[in-house]
file my_file-v2.txt (compact mmCIF, C-alpha atoms and all ligand atoms)
# COMPACT_ATOMS: atom_id res chain seq x y z
CA MET A 408 120.37 72.83 14.64
CA ALA A 409 120.28 76.01 16.60
CA ALA A 410 119.42 77.97 13.47
CA SER A 411 116.51 75.69 12.57
CA LYS A 412 115.08 75.90 16.08
CA LYS A 413 114.84 79.64 16.13
CA PRO A 414 112.14 80.21 13.50
CA ARG A 415 109.90 77.57 15.13
CA LEU A 416 110.27 79.32 18.45
CA ARG A 417 109.37 82.57 16.83
CA LEU A 418 106.31 81.04 15.22
CA ARG A 419 105.25 79.84 18.62
CA ASP A 420 105.88 83.31 19.96
CA VAL A 421 103.69 84.84 17.29
CA ALA A 422 100.90 82.36 18.07
CA LEU A 423 101.20 83.08 21.77
CA CYS A 424 101.12 86.78 21.05
CA ARG A 425 97.91 86.40 19.02
CA LEU A 426 96.36 84.28 21.71
CA LEU A 427 97.25 86.88 24.33
CA THR A 428 95.74 89.62 22.17
CA VAL A 429 92.50 87.65 21.86
CA VAL A 430 92.45 87.02 25.60
CA PHE A 431 93.16 90.68 26.31
CA VAL A 432 90.45 91.94 23.97
CA THR A 433 87.92 89.48 25.42
CA LEU A 434 88.85 90.53 28.95
CA CYS A 435 88.35 94.19 28.04
CA GLY A 436 84.97 93.35 26.57
CA VAL A 437 83.91 91.48 29.71
CA LEU A 438 85.13 94.28 31.96
CA PHE A 439 83.26 96.82 29.87
CA LEU A 440 80.10 94.71 30.10
CA ILE A 441 80.46 94.45 33.89
CA PHE A 442 80.95 98.20 34.04
CA LEU A 443 77.79 98.74 31.97
CA LEU A 444 75.77 96.41 34.19
CA ALA A 445 77.08 98.02 37.34
CA SER A 446 76.29 101.55 36.20
CA ASN A 447 72.87 100.39 35.00
CA SER A 448 72.03 98.82 38.31
CA SER A 449 73.00 101.95 40.18
CA THR A 450 70.74 104.29 38.29
CA GLY A 451 67.97 102.36 36.60
CA THR A 452 64.97 100.77 38.18
CA HIS A 453 65.29 97.04 38.49
CA ASP A 454 63.14 94.55 36.74
CA ILE A 455 62.58 91.49 38.82
CA ASP A 456 62.12 89.28 35.72
CA ASN A 457 65.38 90.39 34.20
CA ILE A 458 67.48 90.01 37.25
CA ASP A 459 69.77 87.23 36.10
CA ALA A 460 71.75 89.82 34.20
CA TYR A 461 72.80 91.34 37.51
CA TYR A 462 73.45 88.12 39.29
CA HIS A 463 76.84 88.16 40.93
CA ASP A 464 78.70 84.94 40.61
CA LEU A 465 78.94 84.33 44.33
CA LYS A 466 79.03 80.90 45.84
CA PHE A 467 75.88 80.79 47.85
CA ALA A 468 75.31 77.74 49.93
CA LYS A 469 72.43 77.55 52.36
CA TRP A 470 72.53 77.29 56.09
CA PRO A 471 70.99 73.81 56.42
CA ASP A 472 68.16 74.78 58.79
CA LEU A 473 66.62 77.44 56.61
CA PRO A 474 63.24 76.61 55.02
CA GLN A 475 62.89 75.52 51.40
CA GLN A 476 62.71 78.66 49.27
CA ASN A 477 60.18 79.28 46.52
CA ASP A 478 60.77 81.12 43.28
CA LEU A 479 59.92 84.58 44.62
CA SER A 480 62.12 84.09 47.67
CA LEU A 481 65.08 83.10 45.51
CA ARG A 482 64.58 86.03 43.19
CA LEU A 483 64.41 88.51 46.05
CA GLU A 484 67.60 87.09 47.45
CA LYS A 485 69.28 87.94 44.16
CA LEU A 486 67.93 91.49 44.34
CA ASN A 487 69.60 91.80 47.73
CA ARG A 488 72.95 91.47 46.03
CA LEU A 489 72.53 94.46 43.71
CA LEU A 490 74.84 97.38 44.24
CA PRO A 491 73.30 100.45 45.88
CA ARG A 492 71.55 102.82 43.53
CA ASN A 493 72.53 106.45 42.89
CA LEU A 494 76.23 105.58 42.92
CA ASP A 495 76.58 107.91 39.94
CA LEU A 496 75.17 110.81 41.97
CA TYR A 497 76.96 109.97 45.22
CA PRO A 498 80.03 107.89 44.41
CA THR A 499 81.49 108.04 47.92
CA LEU A 500 80.21 108.04 51.48
CA ALA A 501 81.45 110.61 53.98
CA LYS A 502 84.00 109.55 56.57
CA ASN A 503 82.26 108.56 59.81
CA HIS A 504 78.86 108.36 58.14
CA ILE A 505 75.95 106.87 60.05
CA ILE A 506 74.12 104.29 57.94
CA VAL A 507 70.34 104.66 57.96
CA VAL A 508 68.16 101.53 57.85
CA LEU A 509 64.47 101.99 57.13
CA TYR A 510 62.38 98.85 57.65
CA VAL A 511 58.97 98.66 56.07
CA HIS A 512 56.01 96.40 55.33
CA ASN A 513 53.21 97.66 53.13
CA ARG A 514 51.89 101.13 53.93
CA PRO A 515 52.79 103.21 50.85
CA GLN A 516 50.90 106.30 52.03
CA TYR A 517 53.07 106.27 55.19
CA LEU A 518 56.29 105.49 53.36
CA ARG A 519 55.81 108.51 51.07
CA VAL A 520 55.72 110.78 54.11
CA VAL A 521 58.84 109.22 55.63
CA VAL A 522 60.82 109.41 52.40
CA GLU A 523 59.74 113.00 51.88
CA SER A 524 60.91 113.83 55.41
CA LEU A 525 64.23 112.06 54.80
CA SER A 526 64.78 114.06 51.63
CA ARG A 527 64.94 117.22 53.80
CA VAL A 528 67.40 115.84 56.34
CA ALA A 529 70.64 117.82 56.36
CA GLY A 530 73.59 115.51 55.62
CA ILE A 531 71.54 112.61 54.29
CA SER A 532 73.48 112.68 51.00
CA GLU A 533 76.63 111.72 52.94
CA THR A 534 75.36 108.29 53.81
CA LEU A 535 73.79 105.06 52.60
CA LEU A 536 70.09 104.40 53.10
CA ILE A 537 69.13 100.73 53.34
CA VAL A 538 65.46 99.92 52.94
CA SER A 539 64.52 96.52 54.30
CA HIS A 540 61.22 95.14 53.01
CA ASP A 541 58.96 92.59 54.66
CA GLY A 542 57.20 91.25 51.55
CA TYR A 543 57.37 92.38 47.94
CA PHE A 544 55.01 95.23 46.98
CA GLU A 545 55.26 97.21 43.72
CA GLU A 546 53.85 100.40 45.19
CA MET A 547 56.49 100.36 47.92
CA ASN A 548 59.25 99.73 45.39
CA GLU A 549 58.12 102.65 43.24
CA ILE A 550 58.55 105.04 46.14
CA ILE A 551 62.07 103.77 46.83
CA ASP A 552 62.89 103.87 43.09
CA GLY A 553 62.15 107.59 43.16
CA ILE A 554 64.79 108.42 45.78
CA ARG A 555 67.60 110.63 44.45
CA PHE A 556 68.91 112.23 47.66
CA CYS A 557 71.47 109.58 48.68
CA GLN A 558 72.78 106.10 47.93
CA VAL A 559 69.97 103.56 48.37
CA LYS A 560 70.07 99.82 48.77
CA GLN A 561 66.91 97.75 48.94
CA ILE A 562 66.87 94.40 50.67
CA PHE A 563 63.98 91.96 50.94
CA ALA A 564 63.51 89.45 53.76
CA PRO A 565 63.65 86.21 51.74
CA TYR A 566 61.94 84.15 54.45
CA SER A 567 59.10 86.57 55.13
CA PRO A 568 55.83 84.71 55.83
CA HIS A 569 54.30 87.09 53.27
CA LEU A 570 56.22 85.33 50.47
CA PHE A 571 54.99 81.81 51.25
CA SER A 572 51.36 81.02 50.45
CA ASP A 573 51.29 77.32 51.30
CA SER A 574 54.33 76.43 53.37
CA PHE A 575 56.29 77.59 56.41
CA PRO A 576 57.12 80.43 57.20
CA GLY A 577 53.67 81.08 55.67
CA VAL A 578 50.67 78.89 56.53
CA SER A 579 50.74 75.25 55.53
CA ALA A 580 47.65 73.10 55.07
CA ASN A 581 48.32 70.99 58.14
CA ASP A 582 48.99 73.87 60.55
CA CYS A 583 47.02 74.13 63.78
CA LYS A 584 44.93 77.28 64.08
CA ASP A 585 43.84 79.43 66.99
CA LYS A 586 43.34 77.19 70.04
CA ASP A 587 43.42 73.83 68.21
CA ASN A 588 44.54 70.83 70.18
CA SER A 589 47.34 69.34 68.08
CA GLY A 590 46.81 65.85 69.53
CA GLU A 591 43.12 65.70 68.63
CA LYS A 592 43.34 67.43 65.26
CA HIS A 593 46.65 65.84 64.23
CA CYS A 594 47.84 69.27 63.11
CA GLU A 595 51.30 70.80 63.29
CA GLY A 596 52.39 73.57 65.63
CA ASN A 597 53.06 74.45 69.26
CA PRO A 598 50.69 76.79 71.08
CA ASP A 599 52.04 79.85 72.91
CA GLN A 600 51.76 80.29 76.69
CA TYR A 601 48.11 81.34 76.26
CA GLY A 602 47.15 78.33 74.14
CA ASN A 603 47.15 80.07 70.76
CA HIS A 604 48.86 78.79 67.63
CA ARG A 605 51.06 80.90 65.40
CA SER A 606 49.72 83.50 63.03
CA PRO A 607 52.13 84.14 60.12
CA LYS A 608 51.06 87.78 59.74
CA ILE A 609 51.85 88.45 63.38
CA VAL A 610 55.17 86.63 63.62
CA SER A 611 56.44 88.33 60.46
CA LEU A 612 57.40 91.51 62.36
CA LYS A 613 59.80 89.88 64.77
CA HIS A 614 61.23 87.68 62.02
CA HIS A 615 61.81 90.68 59.79
CA TRP A 616 63.52 92.72 62.50
CA TRP A 617 65.86 89.90 63.45
CA TRP A 618 66.68 88.96 59.83
CA MET A 619 67.34 92.62 59.07
CA MET A 620 69.62 93.11 62.09
CA ASN A 621 71.69 90.03 61.23
CA THR A 622 71.85 90.95 57.57
CA VAL A 623 72.74 94.60 58.04
CA TRP A 624 75.51 93.91 60.57
CA ASP A 625 76.90 90.63 59.28
CA GLY A 626 75.51 89.85 55.84
CA LEU A 627 75.94 92.76 53.45
CA ARG A 628 79.17 93.59 51.70
CA GLU A 629 78.21 97.26 51.93
CA THR A 630 77.96 97.25 55.71
CA ARG A 631 79.93 94.31 57.11
CA ASP A 632 82.97 96.49 57.74
CA HIS A 633 81.10 99.59 58.88
CA ALA A 634 82.77 100.77 62.08
CA GLY A 635 80.31 103.44 63.20
CA HIS A 636 76.67 103.61 64.17
CA VAL A 637 73.61 102.44 62.28
CA LEU A 638 70.32 104.28 62.72
CA PHE A 639 67.07 102.30 62.52
CA ILE A 640 63.75 103.87 61.55
CA GLU A 641 60.33 102.56 60.46
CA GLU A 642 57.76 103.39 57.83
CA ASP A 643 55.70 105.39 60.33
CA HIS A 644 58.50 107.61 61.68
CA PHE A 645 58.64 111.22 60.55
CA ILE A 646 62.26 112.41 60.57
CA PHE A 647 63.15 116.06 61.26
CA PRO A 648 65.73 117.92 59.15
CA ASN A 649 68.22 118.07 62.04
CA ALA A 650 68.06 114.35 62.82
CA TYR A 651 71.31 113.32 61.14
CA ARG A 652 73.41 116.22 62.46
CA ASN A 653 72.02 115.76 65.96
CA LEU A 654 72.80 112.07 65.82
CA GLN A 655 76.39 112.80 64.81
CA VAL A 656 76.73 114.99 67.90
CA LEU A 657 75.08 112.42 70.18
CA THR A 658 77.20 109.51 68.98
CA SER A 659 80.37 111.56 69.38
CA LEU A 660 79.46 112.50 72.98
CA LYS A 661 78.01 109.18 74.04
CA THR A 662 81.02 107.29 75.42
CA ARG A 663 82.42 110.32 77.25
CA LYS A 664 79.22 111.76 78.69
CA CYS A 665 77.25 108.60 79.34
CA PRO A 666 79.25 105.40 79.86
CA ASP A 667 76.02 103.46 80.53
CA CYS A 668 74.52 104.53 77.21
CA TYR A 669 74.48 101.73 74.64
CA ALA A 670 72.66 103.76 72.04
CA ALA A 671 71.66 107.20 70.83
CA ASN A 672 68.03 107.98 70.12
CA LEU A 673 66.31 110.57 67.94
CA ALA A 674 63.13 110.49 70.03
CA PRO A 675 62.10 110.04 73.67
CA SER A 676 61.21 106.50 74.74
CA ASP A 677 57.72 107.79 75.52
CA VAL A 678 56.44 107.93 71.94
CA ASN A 679 53.92 110.66 72.77
CA SER A 680 56.56 113.04 74.10
CA ARG A 681 58.39 115.61 71.99
CA GLY A 682 60.99 116.14 74.69
CA GLU A 683 61.40 118.37 77.74
CA GLY A 684 62.93 121.36 76.05
CA TRP A 685 65.62 121.59 78.77
CA GLU A 686 69.21 122.58 78.15
CA THR A 687 70.58 119.13 78.97
CA LEU A 688 71.14 115.81 77.32
CA ILE A 689 68.83 113.04 78.45
CA ALA A 690 69.79 109.45 79.28
CA GLU A 691 66.83 107.10 79.59
CA ARG A 692 65.67 103.59 78.75
CA MET A 693 66.03 102.48 75.14
CA GLY A 694 63.29 103.78 72.89
CA ASN A 695 61.99 102.18 69.71
CA VAL A 696 61.79 105.31 67.53
CA GLY A 697 65.02 106.27 65.76
CA TYR A 698 67.53 104.25 67.76
CA SER A 699 71.16 103.83 66.75
CA PHE A 700 74.05 101.79 68.05
CA ASN A 701 77.39 100.40 66.93
CA ARG A 702 78.82 96.97 66.21
CA THR A 703 80.02 96.42 69.79
CA VAL A 704 76.42 96.64 70.94
CA TRP A 705 75.21 94.46 68.08
CA ARG A 706 77.66 91.74 69.15
CA LYS A 707 76.18 91.85 72.65
CA ILE A 708 72.68 91.58 71.22
CA HIS A 709 73.68 88.80 68.85
CA ASN A 710 75.17 86.85 71.74
CA LYS A 711 71.68 86.75 73.23
CA ALA A 712 70.10 85.17 70.16
CA LYS A 713 68.67 82.30 72.22
CA GLU A 714 67.01 84.68 74.68
CA PHE A 715 65.59 86.70 71.80
CA CYS A 716 64.38 83.72 69.78
CA PHE A 717 62.83 81.70 72.61
CA PHE A 718 60.93 84.48 74.41
CA ASP A 719 57.20 84.07 73.92
CA ASP A 720 56.32 87.54 72.65
CA TYR A 721 55.82 88.43 69.00
CA ASN A 722 57.05 92.03 69.54
CA TRP A 723 60.77 92.51 68.89
CA ASP A 724 60.97 95.59 71.12
CA ILE A 725 59.23 94.03 74.12
CA THR A 726 61.43 90.97 73.64
CA MET A 727 64.49 93.23 73.83
CA TRP A 728 63.26 95.07 76.94
CA ALA A 729 62.20 91.93 78.79
CA THR A 730 65.07 89.59 77.95
CA VAL A 731 68.03 90.94 75.97
CA TYR A 732 68.80 94.28 77.67
CA PRO A 733 68.32 92.94 81.21
CA SER A 734 70.74 90.10 80.41
CA PHE A 735 73.55 92.61 79.80
CA GLY A 736 73.85 92.85 83.57
CA SER A 737 74.07 96.64 83.82
CA PRO A 738 71.62 99.46 83.12
CA VAL A 739 71.02 100.02 79.41
CA TYR A 740 70.50 103.69 78.65
CA SER A 741 70.18 105.61 75.44
CA LEU A 742 71.33 109.20 74.95
CA ARG A 743 69.15 111.81 73.27
CA GLY A 744 68.57 115.52 72.98
CA PRO A 745 65.90 117.43 74.93
CA ARG A 746 63.88 118.06 71.77
CA THR A 747 62.80 115.20 69.52
CA SER A 748 64.17 114.72 66.00
CA ALA A 749 61.72 112.02 65.00
CA VAL A 750 58.04 111.39 65.59
CA HIS A 751 55.99 108.23 65.37
CA PHE A 752 52.68 108.81 63.59
CA GLY A 753 49.48 106.78 63.15
CA ARG A 754 46.12 107.13 61.41
CA CYS A 755 44.17 110.19 62.54
CA GLY A 756 41.20 109.45 64.76
CA LEU A 757 42.43 106.05 65.92
CA HIS A 758 43.75 107.17 69.28
CA GLN A 759 41.15 109.62 70.45
CA GLY A 760 41.49 110.92 73.96
CA GLN A 761 45.28 110.70 73.96
CA GLY A 762 45.86 114.40 73.37
CA GLU A 763 45.15 116.61 70.39
CA ASN A 764 48.70 117.11 69.25
CA LYS A 765 49.30 113.44 68.54
CA ALA A 766 51.05 113.05 65.20
CA CYS A 767 48.77 111.48 62.63
CA ILE A 768 48.23 110.99 58.92
CA ASP A 769 45.06 111.58 56.91
CA ASN A 770 44.82 111.40 53.10
CA GLY A 771 48.59 111.24 52.86
CA MET A 772 49.02 114.45 54.88
CA VAL A 773 50.70 114.46 58.25
CA ASN A 774 50.00 117.07 60.93
CA ILE A 775 53.60 117.47 62.09
CA ASN A 776 55.02 120.99 62.28
CA VAL A 777 58.71 121.40 61.59
CA GLU A 778 59.75 124.48 63.55
CA GLU A 779 62.90 126.56 63.26
CA PRO A 780 64.89 124.69 65.99
CA ASP A 781 64.18 121.39 64.21
CA THR A 782 65.98 122.45 61.05
CA VAL A 783 69.51 122.73 62.48
CA SER A 784 71.50 120.80 65.06
CA ASN A 785 70.20 121.96 68.44
CA ILE A 786 72.39 120.02 70.89
CA GLU A 787 75.18 121.84 72.75
CA LEU A 788 78.47 120.05 73.37
CA ASP A 789 78.82 121.33 76.96
CA TRP A 790 75.43 120.20 78.26
CA GLU A 791 75.23 117.92 81.29
CA VAL A 792 73.39 114.62 81.14
CA HIS A 793 70.11 114.23 82.98
CA THR A 794 69.43 110.54 83.68
CA TYR A 795 65.97 109.06 84.23
CA GLN A 796 66.32 106.11 86.56
CA ASN A 797 63.76 103.37 87.10
CA GLN A 798 61.41 104.43 84.33
CA LEU A 799 58.20 102.53 83.85
CA GLY A 800 57.94 100.04 81.02
CA TYR A 801 58.55 96.41 80.11
CA LYS A 802 61.45 94.87 81.98
CA ALA A 803 62.91 91.56 83.18
CA GLY A 804 60.21 89.37 84.66
CA PHE A 805 57.55 90.21 82.08
CA LYS A 806 56.22 86.93 80.66
CA GLY A 807 55.46 88.19 77.18
CA TRP A 808 52.28 88.70 75.21
CA GLY A 809 52.59 85.33 73.47
CA GLY A 810 52.25 84.70 69.74
CA TRP A 811 55.73 83.17 69.63
CA GLY A 812 55.33 79.62 70.85
CA ASP A 813 55.90 77.62 67.67
CA ASP A 814 59.19 75.70 67.57
CA ARG A 815 59.49 76.40 63.85
CA ASP A 816 59.48 80.18 64.42
CA ARG A 817 62.00 79.89 67.22
CA HIS A 818 64.34 77.82 65.10
CA LEU A 819 63.99 80.01 62.04
CA CYS A 820 64.92 82.91 64.28
CA LEU A 821 68.02 81.05 65.51
CA SER A 822 68.96 80.19 61.93
CA PHE A 823 68.98 83.89 61.08
CA ALA A 824 71.49 84.40 63.88
CA LYS A 825 73.71 81.63 62.50
CA MET A 826 73.41 82.03 58.77
CA TYR A 827 76.33 84.44 58.28
CA HIS A 828 78.56 82.85 60.89
CA SER A 829 79.21 79.33 59.78
CA LYS A 830 82.33 79.02 57.64
CA GLY A 831 81.60 77.47 54.26
CA THR A 832 77.83 77.43 54.55
CA ALA A 833 77.00 81.07 53.98
CA SER A 834 78.46 84.02 52.19
CA PRO A 835 77.75 87.71 52.39
CA LEU A 836 74.87 88.92 50.27
C1 LIG B 1 80.26 101.34 70.74
O1 LIG B 1 79.35 101.80 71.71
C2 LIG B 1 79.62 101.35 73.02
C3 LIG B 1 78.48 101.82 73.88
O2 LIG B 1 78.34 103.20 73.81
C4 LIG B 1 80.98 101.87 73.46
O3 LIG B 1 81.27 101.41 74.75
C5 LIG B 1 82.04 101.40 72.49
O4 LIG B 1 83.28 101.96 72.81
C6 LIG B 1 81.67 101.77 71.06
N1 LIG B 1 82.57 101.08 70.17
C7 LIG B 1 83.25 101.72 69.24
C8 LIG B 1 84.14 100.86 68.40
O5 LIG B 1 83.17 102.91 69.06
call {"tool": "encode", "arguments": {"input": "my_file-v2.txt", "output": "structure tokens", "more": "lines below"}}
Ligand SMILES: *[C@@H]1O[C@H](CO)[C@@H](O)[C@H](O)[C@H]1NC(C)=O
result
Amino acid sequence: MAASKKPRLRLRDVALCRLLTVVFVTLCGVLFLIFLLASNSSTGTHDIDNIDAYYHDLKFAKWPDLPQQNDLSLRLEKLNRLLPRNLDLYPTLAKNHIIVVLYVHNRPQYLRVVVESLSRVAGISETLLIVSHDGYFEEMNEIIDGIRFCQVKQIFAPYSPHLFSDSFPGVSANDCKDKDNSGEKHCEGNPDQYGNHRSPKIVSLKHHWWWMMNTVWDGLRETRDHAGHVLFIEEDHFIFPNAYRNLQVLTSLKTRKCPDCYAANLAPSDVNSRGEGWETLIAERMGNVGYSFNRTVWRKIHNKAKEFCFFDDYNWDITMWATVYPSFGSPVYSLRGPRTSAVHFGRCGLHQGQGENKACIDNGMVNINVEEPDTVSNIELDWEVHTYQNQLGYKAGFKGWGGWGDDRDRHLCLSFAKMYHSKGTASPL
């Protein structure tokens, strides 16, 4: 009996062995394929029509309040899940790197200048650059595709009004316009405090900023666990070569030298100033050019989602100054150097009478001089902090410029704050 059992067992063993070999070989093949796809996606340009090949098999359920997505919106959401590019050139990020987030709409001639300035920033290769797009524009993508100076990840706001031609968050046929009376016209929408109905092009800025903030801090696998600071810049900010090194110094000094500082800034809050040139650090109200903060501060901001989303002003920065920062209950300062490391620029000739040395762009050329002190870190560790108290500017009590009265916008905004926080309904991008 025992003797006759043995060969059968062995036969079974042989079959099992073969099966295991087949499984093993298949597994190797699949792993190799995944490796090929991953290395492709990190170097090559992406083709939006061929994106299914890259699609990660993530469970992706929708937060119930988010609007119905169209084809483009769904495809962009898949692009958001691609690995960063240039992983072959820069396989690792430096310890204590500061992530840089560049948020853009559709001004390619500006973006070229910004990217060119970033390419000269000392230390940029140590970090990850995230480019957040409001809308999908080939010319913008081409510029980002050309970046070779650091890891780059592109993300696209999937609920941008620019992606929806006939439904919310874009315009729908039944929407009220301008100063329509919704009762008389039987149209949809709530007017703002000045009687005006929503304009998708105008609300897109605040939506994009809020979606981006939530996504960068809480939605991306690449950044969810980032412990340090994130720097935010826009498509019309020229960045000086010493920006990154200066920011490293500022963020390292911030808690010790300025306990009331929530952030570190590359530029003065007065966008026309290039700094005082003193030998001190400056603490002043939060600026909107080249600001950076950490996750602790983001949590405080995120906790004020209702204040942010229900304030009737279509500007994200004015909304922050008038509602979110004042609600923290203590002064909100930002630390910076005495000489700017970033400059906001506009079209030449548009702001005449505001001083000749205003930074501007004409035919793709920008009139900003990078001088010797702007090429290396120029902040001394032993400087005192000079604090500007009671600066002018938007603050608590300001009613808002309007443009943000529609319930649908307010609720979309709230959904962005919730979408990565409800167990089982959302997953990281
Ligand atoms: C983040 O920044 C705040 C404000 O400067 C500071 O109080 C806090 O200690 C920082 N958190 C971490 C984890 O560094």
call {"tool": "closest_atom_pairs", "arguments": {"input": "my_file-v2.txt", "of": "chain A", "to": "ligand LIG 1 (chain B)", "cutoff": "10 Å", "atoms": "only C-alpha atoms and all ligand atoms", "output": "CSV"}}
result
residue,atom,partner,partner_atom,distance
A:Ala634,CA,B:LIG1,C8,6.5
A:Gly635,CA,B:LIG1,O5,6.5
A:His636,CA,B:LIG1,C1,7.8
A:Thr658,CA,B:LIG1,O2,8.0
A:Ser659,CA,B:LIG1,O5,9.1
A:Leu660,CA,B:LIG1,O2,9.4
A:Lys661,CA,B:LIG1,O2,6.0
A:Thr662,CA,B:LIG1,O2,5.1
A:Arg663,CA,B:LIG1,O2,8.9
A:Lys664,CA,B:LIG1,O2,9.9
A:Cys665,CA,B:LIG1,O2,7.8
A:Pro666,CA,B:LIG1,O2,6.5
A:Asp667,CA,B:LIG1,O2,7.1
A:Cys668,CA,B:LIG1,O2,5.3
A:Tyr669,CA,B:LIG1,C3,4.1
A:Ala670,CA,B:LIG1,O2,6.0
A:Ala671,CA,B:LIG1,O2,8.3
A:Ser699,CA,B:LIG1,O1,9.8
A:Phe700,CA,B:LIG1,O1,6.4
A:Asn701,CA,B:LIG1,C1,4.9
A:Arg702,CA,B:LIG1,C1,6.5
A:Thr703,CA,B:LIG1,C1,5.0
A:Val704,CA,B:LIG1,O1,6.0
A:Trp705,CA,B:LIG1,C1,8.9
A:Val739,CA,B:LIG1,C3,9.5
A:Tyr740,CA,B:LIG1,O2,9.2
A:Ser741,CA,B:LIG1,O2,8.7
A:Leu742,CA,B:LIG1,O2,9.3
call {"tool": "write_last_selection", "arguments": {"input": "my_file-v2.txt", "atoms": "C-alpha atoms", "output": "CSV table (one decimal), keeping the file's coordinate frame"}}
result
chain,number,residue,atom,x,y,z
A,634,ALA,CA,82.8,100.8,62.1
A,635,GLY,CA,80.3,103.4,63.2
A,636,HIS,CA,76.7,103.6,64.2
A,658,THR,CA,77.2,109.5,69.0
A,659,SER,CA,80.4,111.6,69.4
A,660,LEU,CA,79.5,112.5,73.0
A,661,LYS,CA,78.0,109.2,74.0
A,662,THR,CA,81.0,107.3,75.4
A,663,ARG,CA,82.4,110.3,77.2
A,664,LYS,CA,79.2,111.8,78.7
A,665,CYS,CA,77.2,108.6,79.3
A,666,PRO,CA,79.2,105.4,79.9
A,667,ASP,CA,76.0,103.5,80.5
A,668,CYS,CA,74.5,104.5,77.2
A,669,TYR,CA,74.5,101.7,74.6
A,670,ALA,CA,72.7,103.8,72.0
A,671,ALA,CA,71.7,107.2,70.8
A,699,SER,CA,71.2,103.8,66.8
A,700,PHE,CA,74.0,101.8,68.0
A,701,ASN,CA,77.4,100.4,66.9
A,702,ARG,CA,78.8,97.0,66.2
A,703,THR,CA,80.0,96.4,69.8
A,704,VAL,CA,76.4,96.6,70.9
A,705,TRP,CA,75.2,94.5,68.1
A,739,VAL,CA,71.0,100.0,79.4
A,740,TYR,CA,70.5,103.7,78.6
A,741,SER,CA,70.2,105.6,75.4
A,742,LEU,CA,71.3,109.2,75.0
call {"tool": "closest_residue", "arguments": {"input": "my_file-v2.txt", "among": "A:Cys557, A:Gly577, A:Glu787, A:Ser737", "to": "Asp495 (chain A)", "atoms": "all atoms listed in the file"}}
result
A:Cys557
call {"tool": "residues_around", "arguments": {"input": "my_file-v2.txt", "residues": "Ser676 (chain A)", "least_positions_apart": "5", "cutoff": "10 Å", "atoms": "only C-alpha atoms", "output": "list in words"}}
result
Arg681, Gly682, Glu691, Arg692, Met693, Gly694, Asn695, Val696, Gly697, Tyr698, Ser741, Arg743, Gln798 and Gly800 of chain A
call {"tool": "residues_around", "arguments": {"input": "my_file-v2.txt", "residues": "region 770-773 of chain A", "least_positions_apart": "4", "cutoff": "10 Å", "atoms": "all atoms listed in the file", "output": "list in words"}}
result
Pro515, Gln516, Tyr517, Leu518, Arg519, Val520, Phe645, Phe752, Gly753, Arg754, Cys755 and Ala766 of chain A
call {"tool": "residues_around", "arguments": {"input": "my_file-v2.txt", "residues": "Asn774 (chain A)", "least_positions_apart": "5", "cutoff": "9 Å", "atoms": "all atoms listed in the file", "output": "list in words"}}
result
Asn764, Lys765, Ala766, Cys767, Ile768 and Asp769 of chain A
call {"tool": "atom_distance", "arguments": {"input": "my_file-v2.txt", "atom1": "CA of Pro498 (chain A)", "atom2": "CA of Ala650 (chain A)"}}
result
22.9 Å
call {"tool": "atom_distance", "arguments": {"input": "my_file-v2.txt", "atom1": "CA of Pro648 (chain A)", "atom2": "CA of Ser784 (chain A)"}}
result
8.7 Å
call {"tool": "closest_residue", "arguments": {"input": "my_file-v2.txt", "among": "A:Leu673, A:Tyr732, A:Phe647, A:Glu683", "to": "Pro780 (chain A)", "atoms": "all atoms listed in the file"}}
result
A:Phe647
call {"tool": "closest_residue", "arguments": {"input": "my_file-v2.txt", "among": "A:Cys583, A:Ala749, A:Cys716, A:Met620", "to": "Ser524 (chain A)", "atoms": "all atoms listed in the file"}}
result
A:Ala749
call {"tool": "residues_near_point", "arguments": {"input": "my_file-v2.txt", "point": "(47.8, 69.0, 58.9)", "cutoff": "8 Å", "atoms": "all atoms listed in the file", "output": "list in words"}}
result
Ser579, Ala580, Asn581, Asp582, Cys583, Lys592, His593, Cys594 and Glu595 of chain A
call {"tool": "closest_residue", "arguments": {"input": "my_file-v2.txt", "among": "A:Asp632, A:Glu484, A:Asp599, A:Glu533", "to": "Phe563 (chain A)", "atoms": "all atoms listed in the file"}}
result
A:Glu484
call {"tool": "closest_residue", "arguments": {"input": "my_file-v2.txt", "among": "A:Asp643, A:Glu523, A:Asp625, A:Asp813", "to": "Tyr827 (chain A)", "atoms": "all atoms listed in the file"}}
result
A:Asp625
call {"tool": "closest_residue", "arguments": {"input": "my_file-v2.txt", "among": "A:Asn649, A:Thr747, A:Ser822, A:Asn785", "to": "Ala529 (chain A)", "atoms": "all atoms listed in the file"}}
result
A:Asn649
call {"tool": "decode", "arguments": {"input": "my_file-v2.txt", "residues": "region 521-525 of chain A", "atoms": "N, CA and C atoms", "output": "CSV table (one decimal), in the first residue's frame"}}
result
chain,number,residue,atom,x,y,z
A,521,VAL,N,9.2,81.1,-16.3
A,521,VAL,CA,9.3,80.5,-14.9
A,521,VAL,C,10.1,79.2,-14.9
A,522,VAL,N,9.9,78.4,-15.9
A,522,VAL,CA,10.6,77.1,-15.9
A,522,VAL,C,12.1,77.3,-16.2
A,523,GLU,N,12.4,78.3,-17.1
A,523,GLU,CA,13.8,78.7,-17.3
A,523,GLU,C,14.4,79.2,-16.0
A,524,SER,N,13.7,80.0,-15.3
A,524,SER,CA,14.3,80.5,-14.0
A,524,SER,C,14.4,79.4,-13.0
A,525,LEU,N,13.5,78.4,-13.0
A,525,LEU,CA,13.6,77.3,-12.1
A,525,LEU,C,14.9,76.4,-12.4
